[in-house]
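> Before we start, here is the structure in question, set down as structure tokens.
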Amino acid sequence: MSAVKRFARAFARDKGGMAGLAILVAVTVLALTAPLFIHPSDLSVVDATGPSLAPPSAHYPLGTDQPGRSVLTLLIWGTRPSLMIGVIATLVTVAIGSIFGLLAGHYGGVVSRVLMALTDWFIALPSLPLAIALAAVLGQGDTSITVAIAVTSWPGTARLIRSQVLAVEARPFIERAHALGASSRQVLVRHVLPNVTPLILVSTSLTVASAILSETTLVFLGLGDPTEVSWGAMLNQAYQSGAITKGAWWYLLPPGIAILIVVLGFTMTGRAIERILNPRMAR
């Protein structure tokens, strides 16, 4: 608890981290409360009553899309699938990468060679084409996009965690633990994992941003659920409806700016956590 309190005090002094956290809290609250003031009919193409591609006005602060729905309503609702897929894909990514990195760094030998060979094979493959192929094979939907992002994003985390495990394993207290009769599993769980956890936390906070960008890209390419409203789907529909040639900037800019703000929030928060947990960066 004392370590948590010290971390909280240090994080509160980091202006960039607090700004990023404020962005994330605001977006999360907006996503959670969206169903309270947005009715399903507001998202329906069939029930849309507004003018097509109308510019911003008092009634429609961010204008309307081609069917006549409020862009502001779509933007608020789009935070839900984008955040959900980004967070879930990140958790799966970090879990896979951490397991590979911990096992490869701790056990070494054949285990390390096999796991790192598999990791290098995934690193050598272009991640975006592989994610597109996986999402296309698995079919349209949030599940396929989440799996595609996780499968193509974990190698970097695995390499990072493995290098940290090797550094921890070289410290004297690990040798003393082995000399006192601690089993390999005890050393891994009670000594190595706690020292690697801060790096896993930093990797998680920074990976969410790239996961959201990957989700937006895959949905924009038409691999998401066509009936779901998300930021990537908004960009895809804006492109398909010719919003660029028609000058409907209010249909294109809001989802792009929203993605930029959320990614910036995760990045600023992750960098602040990294500065606090890594004294060398602070110096």
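Ordering of the structure tokens sets the chain letters (A, B, ...), residue numbers begin anew at 1 in every chain, and ligands are numbered from 1 in the order given.
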Considering only C-alpha atoms, return as a PyMOL selection string whatever protein or nucleic-acid residues lie within 6 Å of range 208-222 of chain A, sequence-local ones (same chain, fewer than 6 positions apart) excluded.
chain A and resi 86-87+90+232-233+236+263+266
> Could you dump the residues just selected with N, CA, C and O atoms as a PDB file, in the first residue's frame?

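The resulting file, result.pdb, is shown below:
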```pdb
ATOM      1  N   GLY A  86     -10.192  -2.071 -28.216  1.00  0.00           N
ATOM      2  CA  GLY A  86      -8.813  -1.686 -27.942  1.00  0.00           C
ATOM      3  C   GLY A  86      -8.315  -2.237 -26.619  1.00  0.00           C
ATOM      4  O   GLY A  86      -7.205  -2.775 -26.537  1.00  0.00           O
ATOM      5  N   VAL A  87      -9.132  -2.147 -25.573  1.00  0.00           N
ATOM      6  CA  VAL A  87      -8.713  -2.615 -24.250  1.00  0.00           C
ATOM      7  C   VAL A  87      -8.625  -4.136 -24.206  1.00  0.00           C
ATOM      8  O   VAL A  87      -7.645  -4.705 -23.697  1.00  0.00           O
ATOM      9  N   THR A  90      -5.704  -5.396 -26.159  1.00  0.00           N
ATOM     10  CA  THR A  90      -4.461  -5.102 -25.442  1.00  0.00           C
ATOM     11  C   THR A  90      -4.221  -6.097 -24.320  1.00  0.00           C
ATOM     12  O   THR A  90      -3.092  -6.573 -24.130  1.00  0.00           O
ATOM     13  N   GLY A 232     -14.116   3.909 -36.672  1.00  0.00           N
ATOM     14  CA  GLY A 232     -13.653   3.382 -37.948  1.00  0.00           C
ATOM     15  C   GLY A 232     -14.782   3.232 -38.946  1.00  0.00           C
ATOM     16  O   GLY A 232     -14.624   3.511 -40.142  1.00  0.00           O
ATOM     17  N   ALA A 233     -15.962   2.806 -38.461  1.00  0.00           N
ATOM     18  CA  ALA A 233     -17.122   2.673 -39.346  1.00  0.00           C
ATOM     19  C   ALA A 233     -17.573   4.033 -39.861  1.00  0.00           C
ATOM     20  O   ALA A 233     -17.992   4.163 -41.021  1.00  0.00           O
ATOM     21  N   ASN A 236     -15.249   4.948 -42.621  1.00  0.00           N
ATOM     22  CA  ASN A 236     -15.542   4.125 -43.787  1.00  0.00           C
ATOM     23  C   ASN A 236     -16.782   4.619 -44.504  1.00  0.00           C
ATOM     24  O   ASN A 236     -16.803   4.736 -45.746  1.00  0.00           O
ATOM     25  N   VAL A 263      -5.925   8.306 -28.341  1.00  0.00           N
ATOM     26  CA  VAL A 263      -4.570   7.757 -28.462  1.00  0.00           C
ATOM     27  C   VAL A 263      -3.581   8.632 -27.708  1.00  0.00           C
ATOM     28  O   VAL A 263      -2.679   8.124 -27.020  1.00  0.00           O
ATOM     29  N   PHE A 266      -3.931   7.891 -23.890  1.00  0.00           N
ATOM     30  CA  PHE A 266      -3.259   6.659 -23.474  1.00  0.00           C
ATOM     31  C   PHE A 266      -1.747   6.813 -23.525  1.00  0.00           C
ATOM     32  O   PHE A 266      -1.028   6.318 -22.643  1.00  0.00           O
TER      33      PHE A 266
END
```
> List the neighbours of His59 in chain A out to 12 Å using only C-alpha atoms; skip same-chain residues closer than 3 positions along the sequence, and give me the result as a ChimeraX atom specification.
/A:50-51,54-56,62-64,69-73
> Looking only at alpha helix (DSSP H) from DSSP on the backbone, list the matching residues of range 133-252 of chain A as a PyMOL selection string.
chain A and resi 133-138+142-169+172-179+184-187+193-220+231-240+249-252
> Of the residues A:Phe11, A:Tyr239, A:Phe122, A:Trp250, which is the one nearest to Trp154 in chain A, using only C-alpha atoms?
A:Phe122
> As a ChimeraX atom specification, please: the residues near Ala19 in chain A (cut-off 8 Å, only C-alpha atoms, same-chain neighbours under 6 positions excluded).
/A:265,268-269
> Grab the CA of Val46 in chain A to CA of Gly68 in chain A distance for me, in Å with one decimal place.
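Between these atoms lies a distance of 9.7 Å.
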> Smallest atom-to-atom distance to Ile261 in chain A: which of A:Leu160, A:Ile23, A:Ala179, A:Ala34, using only C-alpha atoms?
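So, comparing all the options, the nearest one is A:Ile23.
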> Mind checking which residues fall within 12 Å of range 93-95 of chain A, counting only C-alpha atoms, ignoring those fewer than 6 positions away in the same chain, and posting them as a VMD selection string?
chain A and resid 85 to 87 101 to 102 146 to 161 197 199 to 208 210 to 211
> Could you save those same residues with N, CA, C and O atoms as a CSV table (one decimal), in the first residue's frame?

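File produced: again_33.csv:
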```csv
chain,number,residue,atom,x,y,z
A,85,ILE,N,-12.9,-2.8,-27.8
A,85,ILE,CA,-12.0,-3.7,-28.6
A,85,ILE,C,-10.5,-3.4,-28.3
A,85,ILE,O,-9.7,-4.3,-28.2
A,86,GLY,N,-10.2,-2.1,-28.2
A,86,GLY,CA,-8.8,-1.7,-27.9
A,86,GLY,C,-8.3,-2.2,-26.6
A,86,GLY,O,-7.2,-2.8,-26.5
A,87,VAL,N,-9.1,-2.1,-25.6
A,87,VAL,CA,-8.7,-2.6,-24.2
A,87,VAL,C,-8.6,-4.1,-24.2
A,87,VAL,O,-7.6,-4.7,-23.7
A,101,GLY,N,7.4,-14.2,-22.9
A,101,GLY,CA,8.6,-13.5,-22.4
A,101,GLY,C,9.1,-14.1,-21.1
A,101,GLY,O,10.3,-14.3,-20.9
A,102,LEU,N,8.2,-14.4,-20.2
A,102,LEU,CA,8.6,-14.9,-18.9
A,102,LEU,C,9.1,-16.3,-19.0
A,102,LEU,O,10.2,-16.6,-18.4
A,146,THR,N,-10.6,-8.4,-32.7
A,146,THR,CA,-9.8,-8.5,-31.4
A,146,THR,C,-8.8,-9.6,-31.6
A,146,THR,O,-7.6,-9.4,-31.1
A,147,VAL,N,-9.1,-10.7,-32.1
A,147,VAL,CA,-8.2,-11.8,-32.3
A,147,VAL,C,-7.1,-11.4,-33.2
A,147,VAL,O,-5.9,-11.7,-33.0
A,148,ALA,N,-7.4,-10.8,-34.3
A,148,ALA,CA,-6.4,-10.4,-35.3
A,148,ALA,C,-5.4,-9.4,-34.7
A,148,ALA,O,-4.2,-9.5,-35.0
A,149,ILE,N,-5.9,-8.4,-33.9
A,149,ILE,CA,-5.0,-7.5,-33.3
A,149,ILE,C,-4.1,-8.2,-32.3
A,149,ILE,O,-2.8,-7.9,-32.2
A,150,ALA,N,-4.6,-9.1,-31.5
A,150,ALA,CA,-3.9,-9.7,-30.4
A,150,ALA,C,-2.8,-10.6,-31.0
A,150,ALA,O,-1.7,-10.7,-30.6
A,151,VAL,N,-3.2,-11.4,-32.1
A,151,VAL,CA,-2.2,-12.4,-32.7
A,151,VAL,C,-1.1,-11.7,-33.3
A,151,VAL,O,0.1,-12.2,-33.3
A,152,THR,N,-1.3,-10.5,-33.9
A,152,THR,CA,-0.2,-9.8,-34.6
A,152,THR,C,0.6,-8.8,-33.7
A,152,THR,O,1.5,-8.2,-34.2
A,153,SER,N,0.2,-8.5,-32.5
A,153,SER,CA,0.8,-7.5,-31.7
A,153,SER,C,1.6,-8.0,-30.5
A,153,SER,O,2.3,-7.2,-29.9
A,154,TRP,N,1.5,-9.3,-30.2
A,154,TRP,CA,2.2,-9.7,-29.0
A,154,TRP,C,3.7,-9.9,-29.1
A,154,TRP,O,4.4,-9.9,-28.0
A,155,PRO,N,4.3,-10.1,-30.2
A,155,PRO,CA,5.8,-10.4,-30.3
A,155,PRO,C,6.6,-9.3,-29.7
A,155,PRO,O,7.6,-9.6,-29.0
A,156,GLY,N,6.3,-8.0,-29.9
A,156,GLY,CA,7.0,-6.9,-29.3
A,156,GLY,C,7.0,-7.0,-27.8
A,156,GLY,O,8.1,-6.8,-27.1
A,157,THR,N,5.9,-7.3,-27.2
A,157,THR,CA,5.8,-7.4,-25.7
A,157,THR,C,6.6,-8.6,-25.2
A,157,THR,O,7.3,-8.5,-24.2
A,158,ALA,N,6.6,-9.7,-26.0
A,158,ALA,CA,7.3,-10.9,-25.6
A,158,ALA,C,8.8,-10.6,-25.5
A,158,ALA,O,9.5,-11.0,-24.6
A,159,ARG,N,9.3,-9.9,-26.5
A,159,ARG,CA,10.8,-9.5,-26.6
A,159,ARG,C,11.1,-8.6,-25.4
A,159,ARG,O,12.2,-8.7,-24.8
A,160,LEU,N,10.3,-7.6,-25.1
A,160,LEU,CA,10.5,-6.7,-24.1
A,160,LEU,C,10.5,-7.3,-22.7
A,160,LEU,O,11.4,-7.1,-21.9
A,161,ILE,N,9.5,-8.2,-22.5
A,161,ILE,CA,9.5,-8.9,-21.2
A,161,ILE,C,10.6,-9.8,-21.0
A,161,ILE,O,11.2,-10.0,-19.9
A,197,THR,N,6.4,-6.8,-13.3
A,197,THR,CA,5.1,-6.3,-13.4
A,197,THR,C,5.0,-4.8,-13.8
A,197,THR,O,4.2,-4.4,-14.6
A,199,LEU,N,6.9,-3.2,-15.8
A,199,LEU,CA,7.1,-3.1,-17.2
A,199,LEU,C,5.9,-3.6,-18.0
A,199,LEU,O,5.5,-3.0,-19.0
A,200,ILE,N,5.2,-4.6,-17.4
A,200,ILE,CA,4.0,-5.1,-18.0
A,200,ILE,C,2.9,-4.0,-18.0
A,200,ILE,O,2.1,-3.8,-19.0
A,201,LEU,N,2.8,-3.3,-16.9
A,201,LEU,CA,1.8,-2.2,-16.7
A,201,LEU,C,2.1,-1.1,-17.8
A,201,LEU,O,1.2,-0.6,-18.4
A,202,VAL,N,3.4,-0.7,-17.9
A,202,VAL,CA,3.7,0.3,-18.9
A,202,VAL,C,3.4,-0.2,-20.3
A,202,VAL,O,2.8,0.6,-21.1
A,203,SER,N,3.7,-1.4,-20.6
A,203,SER,CA,3.4,-2.0,-21.9
A,203,SER,C,1.9,-2.0,-22.2
A,203,SER,O,1.5,-1.7,-23.3
A,204,THR,N,1.2,-2.3,-21.2
A,204,THR,CA,-0.3,-2.3,-21.4
A,204,THR,C,-0.8,-1.0,-21.7
A,204,THR,O,-1.6,-0.8,-22.7
A,205,SER,N,-0.4,0.1,-21.0
A,205,SER,CA,-1.0,1.4,-21.2
A,205,SER,C,-0.6,2.0,-22.5
A,205,SER,O,-1.3,2.7,-23.2
A,206,LEU,N,0.6,1.6,-23.0
A,206,LEU,CA,1.1,2.1,-24.3
A,206,LEU,C,0.5,1.3,-25.5
A,206,LEU,O,0.4,1.8,-26.6
A,207,THR,N,0.2,0.0,-25.3
A,207,THR,CA,-0.3,-0.8,-26.3
A,207,THR,C,-1.8,-0.5,-26.7
A,207,THR,O,-2.2,-0.8,-27.8
A,208,VAL,N,-2.5,0.0,-25.7
A,208,VAL,CA,-3.9,0.3,-26.0
A,208,VAL,C,-4.0,1.3,-27.1
A,208,VAL,O,-4.9,1.2,-28.0
A,210,SER,N,-2.1,1.8,-29.8
A,210,SER,CA,-1.8,1.1,-31.0
A,210,SER,C,-3.0,0.2,-31.4
A,210,SER,O,-3.3,0.0,-32.5
A,211,ALA,N,-3.6,-0.5,-30.3
A,211,ALA,CA,-4.7,-1.4,-30.6
A,211,ALA,C,-5.9,-0.6,-31.1
A,211,ALA,O,-6.6,-1.1,-32.0
```
> Given the choices A:Ser230, A:His191, A:Leu166, A:Phe37, which gets closest to His178 in chain A if the distance is worked out from only C-alpha atoms?
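Closest to His178 in chain A of all the choices is A:His191.
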> Between CA of Ser82 in chain A and CA of Leu125 in chain A, what distance in Å does the model show, to one decimal?
25.2 Å
> Which neighbours of Leu32 in chain A fall inside 10 Å, counting only C-alpha atoms, when residues of the same chain fewer than 3 positions from it are skipped, and could you give them as a PyMOL selection string?
chain A and resi 27-29+35-36+77+79-80
> Let's have the selection written as an mmCIF file, in the first residue's frame, with all heavy atoms.

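And here is the file that came out, selection02.cif:
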```
data_model
loop_
_atom_site.group_PDB
_atom_site.id
_atom_site.type_symbol
_atom_site.label_atom_id
_atom_site.label_comp_id
_atom_site.auth_asym_id
_atom_site.auth_seq_id
_atom_site.Cartn_x
_atom_site.Cartn_y
_atom_site.Cartn_z
ATOM 1 N N VAL A 27 -13.507 10.259 -21.495
ATOM 2 C CA VAL A 27 -13.970 9.403 -22.588
ATOM 3 C C VAL A 27 -14.647 8.148 -22.054
ATOM 4 O O VAL A 27 -15.672 7.699 -22.572
ATOM 5 C CB VAL A 27 -12.787 9.030 -23.511
ATOM 6 C CG1 VAL A 27 -13.218 8.005 -24.550
ATOM 7 C CG2 VAL A 27 -12.247 10.274 -24.206
ATOM 8 N N THR A 28 -14.092 7.579 -20.989
ATOM 9 C CA THR A 28 -14.685 6.372 -20.399
ATOM 10 C C THR A 28 -16.067 6.659 -19.830
ATOM 11 O O THR A 28 -17.017 5.882 -20.029
ATOM 12 C CB THR A 28 -13.771 5.812 -19.292
ATOM 13 O OG1 THR A 28 -12.491 5.526 -19.847
ATOM 14 C CG2 THR A 28 -14.360 4.549 -18.696
ATOM 15 N N VAL A 29 -16.214 7.773 -19.105
ATOM 16 C CA VAL A 29 -17.522 8.146 -18.553
ATOM 17 C C VAL A 29 -18.516 8.374 -19.676
ATOM 18 O O VAL A 29 -19.693 7.960 -19.601
ATOM 19 C CB VAL A 29 -17.391 9.405 -17.677
ATOM 20 C CG1 VAL A 29 -18.760 9.947 -17.284
ATOM 21 C CG2 VAL A 29 -16.578 9.096 -16.433
ATOM 22 N N PRO A 35 -25.628 5.050 -23.329
ATOM 23 C CA PRO A 35 -26.985 4.464 -23.454
ATOM 24 C C PRO A 35 -28.053 5.204 -22.667
ATOM 25 O O PRO A 35 -29.247 5.003 -22.913
ATOM 26 C CB PRO A 35 -26.795 3.040 -22.907
ATOM 27 C CG PRO A 35 -25.346 2.755 -23.044
ATOM 28 C CD PRO A 35 -24.664 4.063 -22.817
ATOM 29 N N LEU A 36 -27.659 6.053 -21.702
ATOM 30 C CA LEU A 36 -28.645 6.769 -20.905
ATOM 31 C C LEU A 36 -29.322 7.890 -21.681
ATOM 32 O O LEU A 36 -30.463 8.262 -21.350
ATOM 33 C CB LEU A 36 -27.978 7.341 -19.643
ATOM 34 C CG LEU A 36 -27.332 6.316 -18.695
ATOM 35 C CD1 LEU A 36 -26.674 7.032 -17.517
ATOM 36 C CD2 LEU A 36 -28.374 5.321 -18.203
ATOM 37 N N TRP A 77 -21.452 7.502 -29.428
ATOM 38 C CA TRP A 77 -21.689 6.053 -29.353
ATOM 39 C C TRP A 77 -20.472 5.264 -29.853
ATOM 40 O O TRP A 77 -20.212 4.156 -29.390
ATOM 41 C CB TRP A 77 -22.919 5.680 -30.159
ATOM 42 C CG TRP A 77 -23.370 4.273 -29.913
ATOM 43 C CD1 TRP A 77 -23.044 3.150 -30.641
ATOM 44 C CD2 TRP A 77 -24.201 3.820 -28.849
ATOM 45 N NE1 TRP A 77 -23.632 2.037 -30.101
ATOM 46 C CE2 TRP A 77 -24.349 2.424 -28.988
ATOM 47 C CE3 TRP A 77 -24.847 4.457 -27.783
ATOM 48 C CZ2 TRP A 77 -25.108 1.649 -28.121
ATOM 49 C CZ3 TRP A 77 -25.596 3.702 -26.916
ATOM 50 C CH2 TRP A 77 -25.717 2.313 -27.085
ATOM 51 N N THR A 79 -17.479 5.662 -29.218
ATOM 52 C CA THR A 79 -16.447 5.440 -28.204
ATOM 53 C C THR A 79 -16.555 4.046 -27.589
ATOM 54 O O THR A 79 -15.542 3.476 -27.169
ATOM 55 C CB THR A 79 -16.562 6.482 -27.077
ATOM 56 O OG1 THR A 79 -17.861 6.394 -26.471
ATOM 57 C CG2 THR A 79 -16.370 7.882 -27.618
ATOM 58 N N ARG A 80 -17.743 3.473 -27.562
ATOM 59 C CA ARG A 80 -17.954 2.197 -26.870
ATOM 60 C C ARG A 80 -17.220 1.039 -27.551
ATOM 61 O O ARG A 80 -16.375 0.389 -26.934
ATOM 62 C CB ARG A 80 -19.455 1.911 -26.754
ATOM 63 C CG ARG A 80 -20.174 2.933 -25.878
ATOM 64 C CD ARG A 80 -21.683 2.772 -25.938
ATOM 65 N NE ARG A 80 -22.116 1.481 -25.477
ATOM 66 C CZ ARG A 80 -22.300 1.154 -24.197
ATOM 67 N NH1 ARG A 80 -22.061 2.041 -23.243
ATOM 68 N NH2 ARG A 80 -22.709 -0.052 -23.862
#
```
> In Å, rounded to a single decimal, give me how far CA of Gly17 in chain A is from CA of Ile273 in chain A.
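Result for CA of Ile273 in chain A versus CA of Gly17 in chain A: 7.5 Å, one decimal.
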